[in-house]
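One structure is given here, and the rest of the page talks about it.
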Amino acid sequence: MTQAAAPVQAKAQTAGESIYALVRELYPICRSITGDGVRETLKRVGAHIALKVHEVPTGTQVFDWTVPKEWNIRGAYVKDPSGAKVIDFSKSNLHVLNYSTPFRGKMTLAELRPHLYSLPEHPDWIPYKTSYYQERWGFCLSHRQLERLSDGSYEVVVDSSLEPGHLSYGECFIPGALPDEVLISCHVCHPSICNDNLSGIALCTFLAKHLQGRRLRYSYRFVFVPGTIGAITWLARNEAAAGRVKHGLVVANVGDSGKMHYKKSRRGDAEIDRAVIHVLKNSRRAHEIIDFSPYGYDERQYCSPGFNLAMGSLTRTPWGRYPEYHTSADDLSLVRPEHLGDSLNTYLAVVNVLENNKTYVNQNPKCEPQLGKRGLYRQMGGHSESKEIELAMLWVLNQSDGSRSLLDIAERAKLGFERIAEAAAMLAGVGLIRER
Amino acid sequence: MTQAAAPVQAKAQTAGESIYALVRELYPICRSITGDGVRETLKRVGAHIALKVHEVPTGTQVFDWTVPKEWNIRGAYVKDPSGAKVIDFSKSNLHVLNYSTPFRGKMTLAELRPHLYSLPEHPDWIPYKTSYYQERWGFCLSHRQLERLSDGSYEVVVDSSLEPGHLSYGECFIPGALPDEVLISCHVCHPSICNDNLSGIALCTFLAKHLQGRRLRYSYRFVFVPGTIGAITWLARNEAAAGRVKHGLVVANVGDSGKMHYKKSRRGDAEIDRAVIHVLKNSRRAHEIIDFSPYGYDERQYCSPGFNLAMGSLTRTPWGRYPEYHTSADDLSLVRPEHLGDSLNTYLAVVNVLENNKTYVNQNPKCEPQLGKRGLYRQMGGHSESKEIELAMLWVLNQSDGSRSLLDIAERAKLGFERIAEAAAMLAGVGLIRER
Amino acid sequence: MTQAAAPVQAKAQTAGESIYALVRELYPICRSITGDGVRETLKRVGAHIALKVHEVPTGTQVFDWTVPKEWNIRGAYVKDPSGAKVIDFSKSNLHVLNYSTPFRGKMTLAELRPHLYSLPEHPDWIPYKTSYYQERWGFCLSHRQLERLSDGSYEVVVDSSLEPGHLSYGECFIPGALPDEVLISCHVCHPSICNDNLSGIALCTFLAKHLQGRRLRYSYRFVFVPGTIGAITWLARNEAAAGRVKHGLVVANVGDSGKMHYKKSRRGDAEIDRAVIHVLKNSRRAHEIIDFSPYGYDERQYCSPGFNLAMGSLTRTPWGRYPEYHTSADDLSLVRPEHLGDSLNTYLAVVNVLENNKTYVNQNPKCEPQLGKRGLYRQMGGHSESKEIELAMLWVLNQSDGSRSLLDIAERAKLGFERIAEAAAMLAGVGLIRER
C-alpha cells in the first residue's frame, strides 16, 4: 500500500455505530429546502467536521432558478368535530405537506379532503409530500387515519411562515496535494426520513472526518445542500470550484440492507465510474451498475451539459426501489449500523483507488528486469507455481509504458487494484518504475 | 410531433388496399430489363405520381456495362406431336425464358429437352429464368407438365424480337427544403411475380404519393429501374445526384406475411441504418437485422466502393428465403393488402425519423431549467411517479450539447423516437433548445 | 492461390514423422541455458537448415541481466549406505537439479534431504527443477524412490562445472522480398523433455526447412535460444533486427494431443493475432484464444514495453495445463507425429495468410464490373444458387477500396482466407483489382 492509502482504513463496525448515532440524533429535526431545520442539521454535522455554513438570500438568481422564500414551521394540526387532534405535526413532521403556507380555519371534511394525502397501498404509513413551487397547504396521514375521519367541522392550523430569508448549505473542504477536487454531495432537505437521506448526511460527515488531517493527493469538498435548488445554488456560486472537480459522488440511501448500486456519470467511462465499478466488482458481492439517466438526485445538476462533471451516485437500494421510500416507514429501523459501516468502507475503497491511481513508466522497458537480484522474486526456477504478487509486478512492468494507470492495469490483469498498487509500490521502491 | 412529421401518417388498411390494387393491375404485364412491358408498367405508375420516363439507347456504355438490345415478345408456344399447345406464353409469361431469342422450328423431345426448365422439388410451379447476356431461347414449365411430354416431333415458336432499342426507367423527384436527397429504388424487370417485385413497385408508388406536395426537409428521389443494368445505368447518368444522396433504401418483397428484415448498408452504421433499426426495434414486433453483403438487389451497385451510398434494403422476407421465390407461386395470393399497408407504415416511420432527426443545443445548459414555471412540469414534488414525456424532456435537455441528434438521444434514453421528438418540440416551443 | 502460397503446402503425416524423428534424436541430450548440450542440439538442428550459432561470453551485460557462467555436467549420483546408486544422472538427466554446482561428499539422509525434490502427487515421475541464479546443488527423483531411502550415510557426487564460458544460441535467416521480418522463436534450454520443448525446436527446424529456398514476401528469422536469458541476449544484440519484426510467434508444446491454443500478443489486435485467430476459427476444430499476460515463455521479453513486438504464442496445450508438464512424463510417448504434423500445417496456414494478406484497389469501383464477359460468372440469371467463389469475388470487389486487406475482407465476408485469396488472384488476373 502506498503512503496515502493506509490512513483511510476504517473499521466497519465501530464506524457504522458512529454513523448510526448521528442519524438518530438528526432524525427528529424537520428539514426542508430552507429554514431552521437545515441550520440545526448543519450545526450538528459541524460538531464533527470543519463545516462552513453559507446563507443565500431569498430572491437570489441561480441560473434559471430563484432562491425561494424561507419556510419555517412551529406546529400544525387538524382537530376533528370532537376537538381531538387527529393529525398532529408534533407526532411526525411528515404530517405536514412540506412548504405548507400558513393557514387557520374551519371547514367540512369535504372541504378539507383535497388537502389530505395518504397511501392506500400502505395504509399504516404516512407519505412524504412537498410543494415547494406552488403555494398551498396540506396534510399527510396514514390511510387508516384518513378512513376514520367522519363528517363534521374540522379546525385546521398550519403555524408556518413563508417569508424572505435564506437558503442554507454547508461545505467542508479538505485540502490535498493537488488543486484537483473530489466533490462529495448529499441532500439535506428531507425531514424525518432515515435512508433518504440522513444516511447520506451521516456517511458524508464520517467520510470527511476520516479524511480530515490526512495526507491526501486530491482535495476533497463535501457539500451538504438542499436537493435540486441547493445543488443549483452551489453550482451557480462556485463555477470555478466546479471546474476543478475531477471526480465526484452523490451520496444517498446508504443505510439499508440492499446491495450496492452505482449509477454512472453522464460521461459513463470517467475514472470515477471505472474506480467504483472496479471496487464493486472486486468486492465479489452482489451489486448493480446503472446507466446514467437525467433523473434521480443532484447528479441531474452536476451532470447537466454545461457542467458535465464526472460524478456518479453510489447508493445501496436506489430511490423508488424500496417500498418504504418517501414514507414514514423509512425510519430508524430501516437503516442499520452494519450497512452504514459497509457503505463507508466502500466509499473509502473508492477513495483509495482515486488516491493511488497513478501512471508509472517502466525505467527498464527492454525485456524484464531481473527481479531476483533485487530480492523481489523466488530464486527457484520452474513455472508450475506463481504467486499473485509476482504476477502483479510483471503486469505493472509490462504495462507501465506511460499510457496506462494502475487501474487500467488492474482491469487488464483481472487483479484487484490493491494488489496492483502494492506491486507498484514495491517496484517504485527499487526504482524500476517512476511516476509519470 | 414537429410540423414535417404529421403529414406522413398513413392508414394501413386503406393504403394497403390501394397498393394491392396496383399490384393486381400490373400483374399480367410481361416485364424484362428492357421493352414495352417496362414502359407499360411505368405508364401505369405514372398515373399516380409525377414520373419522368427515361429511354437509354442500346449500346450506351454505362461504366463497365453496355445497354443491351431491347427485347419484346408477342407470343410463344410449344406444340406436341398431336398439335396441342403444351406450353403457352399466353397462359403465363413465366413460360418463356426471359430474353429468349426469336425461334421457329420442329424438333424431337430430345432436342427440345435442353431448352426446358422445371422445378422437380415444386412440381406444380413454373420457375422464373432469364438469359440476358447469353443469347438463347428456352421455356419454363411445371415439372408435372415436363413429365407428361412424350416422344415425337414438337413445334416450337418464340415470337420475340431482340433488336437495338432502349432501356427504360422511371424517376419521380419530390423536392424538399434541403438539396440532400433520399433515394428510394425498386427493380421493375420481373414479369408476373408479385412479391418480387410488384410489391416494391406499388409501395414506392404510394410512398411517393404520400410525400408529394408535403413540406419536406429532404428531397426524395424514387427510381423505378430494371435490376442491375438499370441501377448501373441510372448511376452512370446521375453521378451528381448520387453525390447528393444522404440516405436511401432498396425496396423489394414488401407484401408477404413474413416479419420485416433490414439489410444494412455497406457502411453499417449510417443514419439510415440506425433509423431503420430504431423503428424496427421500437415496433416491438419480430424483425431481423442482416449485415451487408455484396449480393442481393441493387444495393450491390449503390454500395459499390466508388459510390458507397448510405443505402440499405428494407423488406419483409428477403429474396431466396421463401419457397415461392422466383416461381409462379409468387402470385397475387402471396401478397396481402395488410402486409403492404404495414410495410408502407414502416417506411413512413423511417421517413419520420429522417425528417425529424435534428440536433439541438440546450440554451440553458448549466443545471436543469425550471420546467415548472413554464408549465412543462408537475407542480407537486416527490419522485415516486414520473411521466415518460417529462423524462423525455430531461433527456433532450441533458443530451442536447450540439453533439447528439434526437435519434442518438432516443437510443441512449431507450425511448421511442416519436416521444423524444415530441419532447424536443415542446422544449423548442419555449426556447429552451434551438436547432444547431 | 497466389504464387507465394503454393510452395508452403506440407503433408502432415510425412512431415510429422520427420519432426518426430528429430525429437527422438535430441531427447537424450542434457540441455541447460548454457553448455555443450545446447551446442550439440544446435549442431543437429544445423544438419537440416542453415543455422548460424552465436557464442556470447559469460559476464556480457544484456540489458538488466548478465550472461551467467557456463554449466556442464559429466555425471552425478547418490549412493545409499549399501553403496547402490539410488539416484543416477546417467539414467535420466532430470535427476540433477539443472545448474547444480559441483559437489562431492558424504552425509546423512537428514543432511541430504533438503537437496532432494520429488512430486508426491505423481509418485512415479521425476520433476524438472532448475537453479540458474542461486548457486546450489540438488537431485530430483520420483516420490517412490524418495520414500524408499533409509537412514545411513550417503555418498553424493555432482561432477559438473560452472565456470566462465559462453551462452550459445542459433539463428536461421531466410530472406524474402521485403526487409520486414517474421520472427519465430523457440527455447532450447530444457533437457530430456519432449513437448516442452523438443517439439518446438523440431517444428521450427522443419518450418524453416519448408521455407528455405522459397520465393517469399517476408524475410523469416528463426531463433533457437535458451529461455529468458537467451531471448534477452538475442534482443540486446539485435535491436535493429527487432525493429524490423512485423509479425512473430513463440513456439512451444506443439506435439501433444490437445487442441491448439493461441496466446495473443501484448497488442492484442496485431495482424499476427488476427491471422492466427482466423486460421484457427476456419479450421472448424476446437481451439482456444488466450489474452496476453506477461507470464509464460519468451513473449515476456519480446512483448516487454520497450519492444512490444507483434508476437503471440501458438501452442497445443499451454505450459502448466497438462499434468506431465515439467516432469519425466513429458517424454517420447506424450508427443505424436500426427500432432507435430498438424501443428506444422497450422503454422504453414498462418504463414500463408501473412504472405498473401495484401491490400488491393478495385480498378472499376463504380458499380460491379461485368464478370460474365470476362468468363468469371455463370451466364444464367436467377438468384437462387450461388457459388462461394463468385461470392468471394463480389466481396473482394466491394471491399477493395484500398483500406482493407484480404484478411479484413475474409473476416467481414465470413469466408476462409484461402477462398478470398483465390478470388483476389482471379480478379487480379483480369486486371479488375491491383495491389495497393
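Please note that chains go A, B, ... in the order of the C-alpha cells, that every chain numbers its residues from 1, and that ligands are numbered from 1 in the order shown.
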Using only C-alpha atoms, select each residue of chain B with any atom at most 10 Å away from an atom of chain C, and give the selection as a PyMOL selection string.
chain B and resi 62-66+98+127-135+228-229+231-233+235-236+239+266+291-308+319-321+325-326
Apply DSSP to the structure's backbone, then extract all residues of range 149-274 of chain A labelled strand (DSSP E or B) and return them as a ChimeraX atom specification.
/A:153-163,166-174,181-187,219-225,245-251,260-263
Atomic separation - CA of Asp330 in chain B relative to CA of Glu121 in chain B, Å:
15.6 Å
Which residues, written as a ChimeraX atom specification, have at least one atom at most 8 Å from Lys79 in chain B, with only C-alpha atoms counted and residues fewer than 3 positions away on the same chain left out?
/B:82-87,154-156
Using DSSP on the backbone coordinates, identify the residues of range 51-289 of chain A assigned to alpha helix (DSSP H); present them as a ChimeraX atom specification.
/A:109-112,143-148,199-211,229-237,239-244,271-282
Mind giving me the straight-line distance from CA of Leu109 in chain C to CA of Leu94 in chain C in Å, one decimal?
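Result for CA of Leu109 in chain C versus CA of Leu94 in chain C: 20.6 Å, one decimal.
Going from CA of Thr315 in chain A over to CA of Leu26 in chain A, you cover 19.8 Å.
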Selection: 10 Å around Thr41 in chain C, only C-alpha atoms, excl. self and same-chain fewer than 3 positions, as a count of residues only
19
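By only C-alpha atoms, and with residues fewer than 4 positions from Pro164 in chain B along its chain excluded, the set lying at most 8 Å from it is Pro57, Thr58, Gly59, Pro68, Lys69 and Glu70 of chain B.
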Mind dumping the selected residues with all heavy atoms as a compact mmCIF listing (two decimals), in the first residue's frame?
```txt
# COMPACT_ATOMS: atom_id res chain seq x y z
N PRO B 57 -30.48 4.49 -75.14
CA PRO B 57 -30.32 3.64 -76.33
C PRO B 57 -29.42 2.42 -76.10
O PRO B 57 -28.45 2.49 -75.36
CB PRO B 57 -29.65 4.57 -77.35
CG PRO B 57 -29.84 5.94 -76.84
CD PRO B 57 -29.96 5.84 -75.36
N THR B 58 -29.79 1.34 -76.76
CA THR B 58 -28.95 0.15 -76.83
C THR B 58 -27.53 0.56 -77.23
O THR B 58 -27.36 1.42 -78.10
CB THR B 58 -29.51 -0.81 -77.89
OG1 THR B 58 -30.79 -1.23 -77.47
CG2 THR B 58 -28.60 -2.02 -78.09
N GLY B 59 -26.55 -0.03 -76.57
CA GLY B 59 -25.17 0.25 -76.93
C GLY B 59 -24.53 1.34 -76.09
O GLY B 59 -23.31 1.52 -76.13
N PRO B 68 -28.09 -3.27 -73.26
CA PRO B 68 -28.29 -4.35 -74.23
C PRO B 68 -29.36 -4.02 -75.27
O PRO B 68 -30.02 -2.99 -75.20
CB PRO B 68 -28.75 -5.51 -73.35
CG PRO B 68 -29.46 -4.86 -72.20
CD PRO B 68 -28.74 -3.55 -71.97
N LYS B 69 -29.49 -4.91 -76.24
CA LYS B 69 -30.60 -4.81 -77.20
C LYS B 69 -31.92 -4.87 -76.45
O LYS B 69 -32.01 -5.45 -75.37
CB LYS B 69 -30.54 -5.99 -78.18
CG LYS B 69 -29.34 -5.96 -79.12
CD LYS B 69 -29.39 -7.18 -80.04
CE LYS B 69 -28.05 -7.43 -80.71
NZ LYS B 69 -27.94 -8.83 -81.19
N GLU B 70 -32.95 -4.27 -77.06
CA GLU B 70 -34.27 -4.29 -76.43
C GLU B 70 -34.99 -5.57 -76.80
O GLU B 70 -34.94 -6.03 -77.95
CB GLU B 70 -35.07 -3.06 -76.91
CG GLU B 70 -36.47 -3.02 -76.31
CD GLU B 70 -37.24 -1.75 -76.68
OE1 GLU B 70 -36.62 -0.68 -76.87
OE2 GLU B 70 -38.48 -1.86 -76.80
```
Name all residues at most 6 Å from Leu51 in chain A (count only C-alpha atoms; drop same-chain ones fewer than 2 positions away) and give them as an MDAnalysis selection string.
chainID A and resid 46 49 171:172
Just all heavy atoms for this one: save the residues we selected as a PDB file, in the first residue's frame.
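So out.pdb came out as:
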```pdb
ATOM      1  N   GLY A  46     -21.539  19.994  11.915  1.00  0.00           N
ATOM      2  CA  GLY A  46     -20.359  20.809  12.180  1.00  0.00           C
ATOM      3  C   GLY A  46     -19.675  20.492  13.496  1.00  0.00           C
ATOM      4  O   GLY A  46     -18.543  20.934  13.742  1.00  0.00           O
ATOM      5  N   ILE A  49     -17.041  17.887  11.925  1.00  0.00           N
ATOM      6  CA  ILE A  49     -16.080  18.281  10.889  1.00  0.00           C
ATOM      7  C   ILE A  49     -16.086  19.797  10.743  1.00  0.00           C
ATOM      8  O   ILE A  49     -17.016  20.468  11.208  1.00  0.00           O
ATOM      9  CB  ILE A  49     -16.414  17.631   9.519  1.00  0.00           C
ATOM     10  CG1 ILE A  49     -17.861  17.966   9.102  1.00  0.00           C
ATOM     11  CG2 ILE A  49     -16.200  16.123   9.585  1.00  0.00           C
ATOM     12  CD1 ILE A  49     -18.242  17.476   7.726  1.00  0.00           C
ATOM     13  N   GLU A 171     -20.472  23.349   3.745  1.00  0.00           N
ATOM     14  CA  GLU A 171     -19.365  22.965   2.882  1.00  0.00           C
ATOM     15  C   GLU A 171     -18.161  22.641   3.756  1.00  0.00           C
ATOM     16  O   GLU A 171     -17.837  23.393   4.670  1.00  0.00           O
ATOM     17  CB  GLU A 171     -19.042  24.163   1.968  1.00  0.00           C
ATOM     18  CG  GLU A 171     -18.372  23.809   0.701  1.00  0.00           C
ATOM     19  CD  GLU A 171     -18.375  24.988  -0.282  1.00  0.00           C
ATOM     20  OE1 GLU A 171     -18.973  26.036   0.040  1.00  0.00           O
ATOM     21  OE2 GLU A 171     -17.763  24.849  -1.339  1.00  0.00           O
ATOM     22  N   CYS A 172     -17.521  21.516   3.482  1.00  0.00           N
ATOM     23  CA  CYS A 172     -16.318  21.136   4.217  1.00  0.00           C
ATOM     24  C   CYS A 172     -15.225  20.862   3.211  1.00  0.00           C
ATOM     25  O   CYS A 172     -15.353  19.965   2.369  1.00  0.00           O
ATOM     26  CB  CYS A 172     -16.608  19.883   5.058  1.00  0.00           C
ATOM     27  SG  CYS A 172     -15.136  19.123   5.769  1.00  0.00           S
TER      28      CYS A 172
END
```
Report as an MDAnalysis selection string all protein, DNA and RNA residues lying within 9 Å of Leu415 in chain A, evaluated on only C-alpha atoms, omitting residues in the same chain fewer than 6 positions from it.
chainID A and resid 282 388 392 409
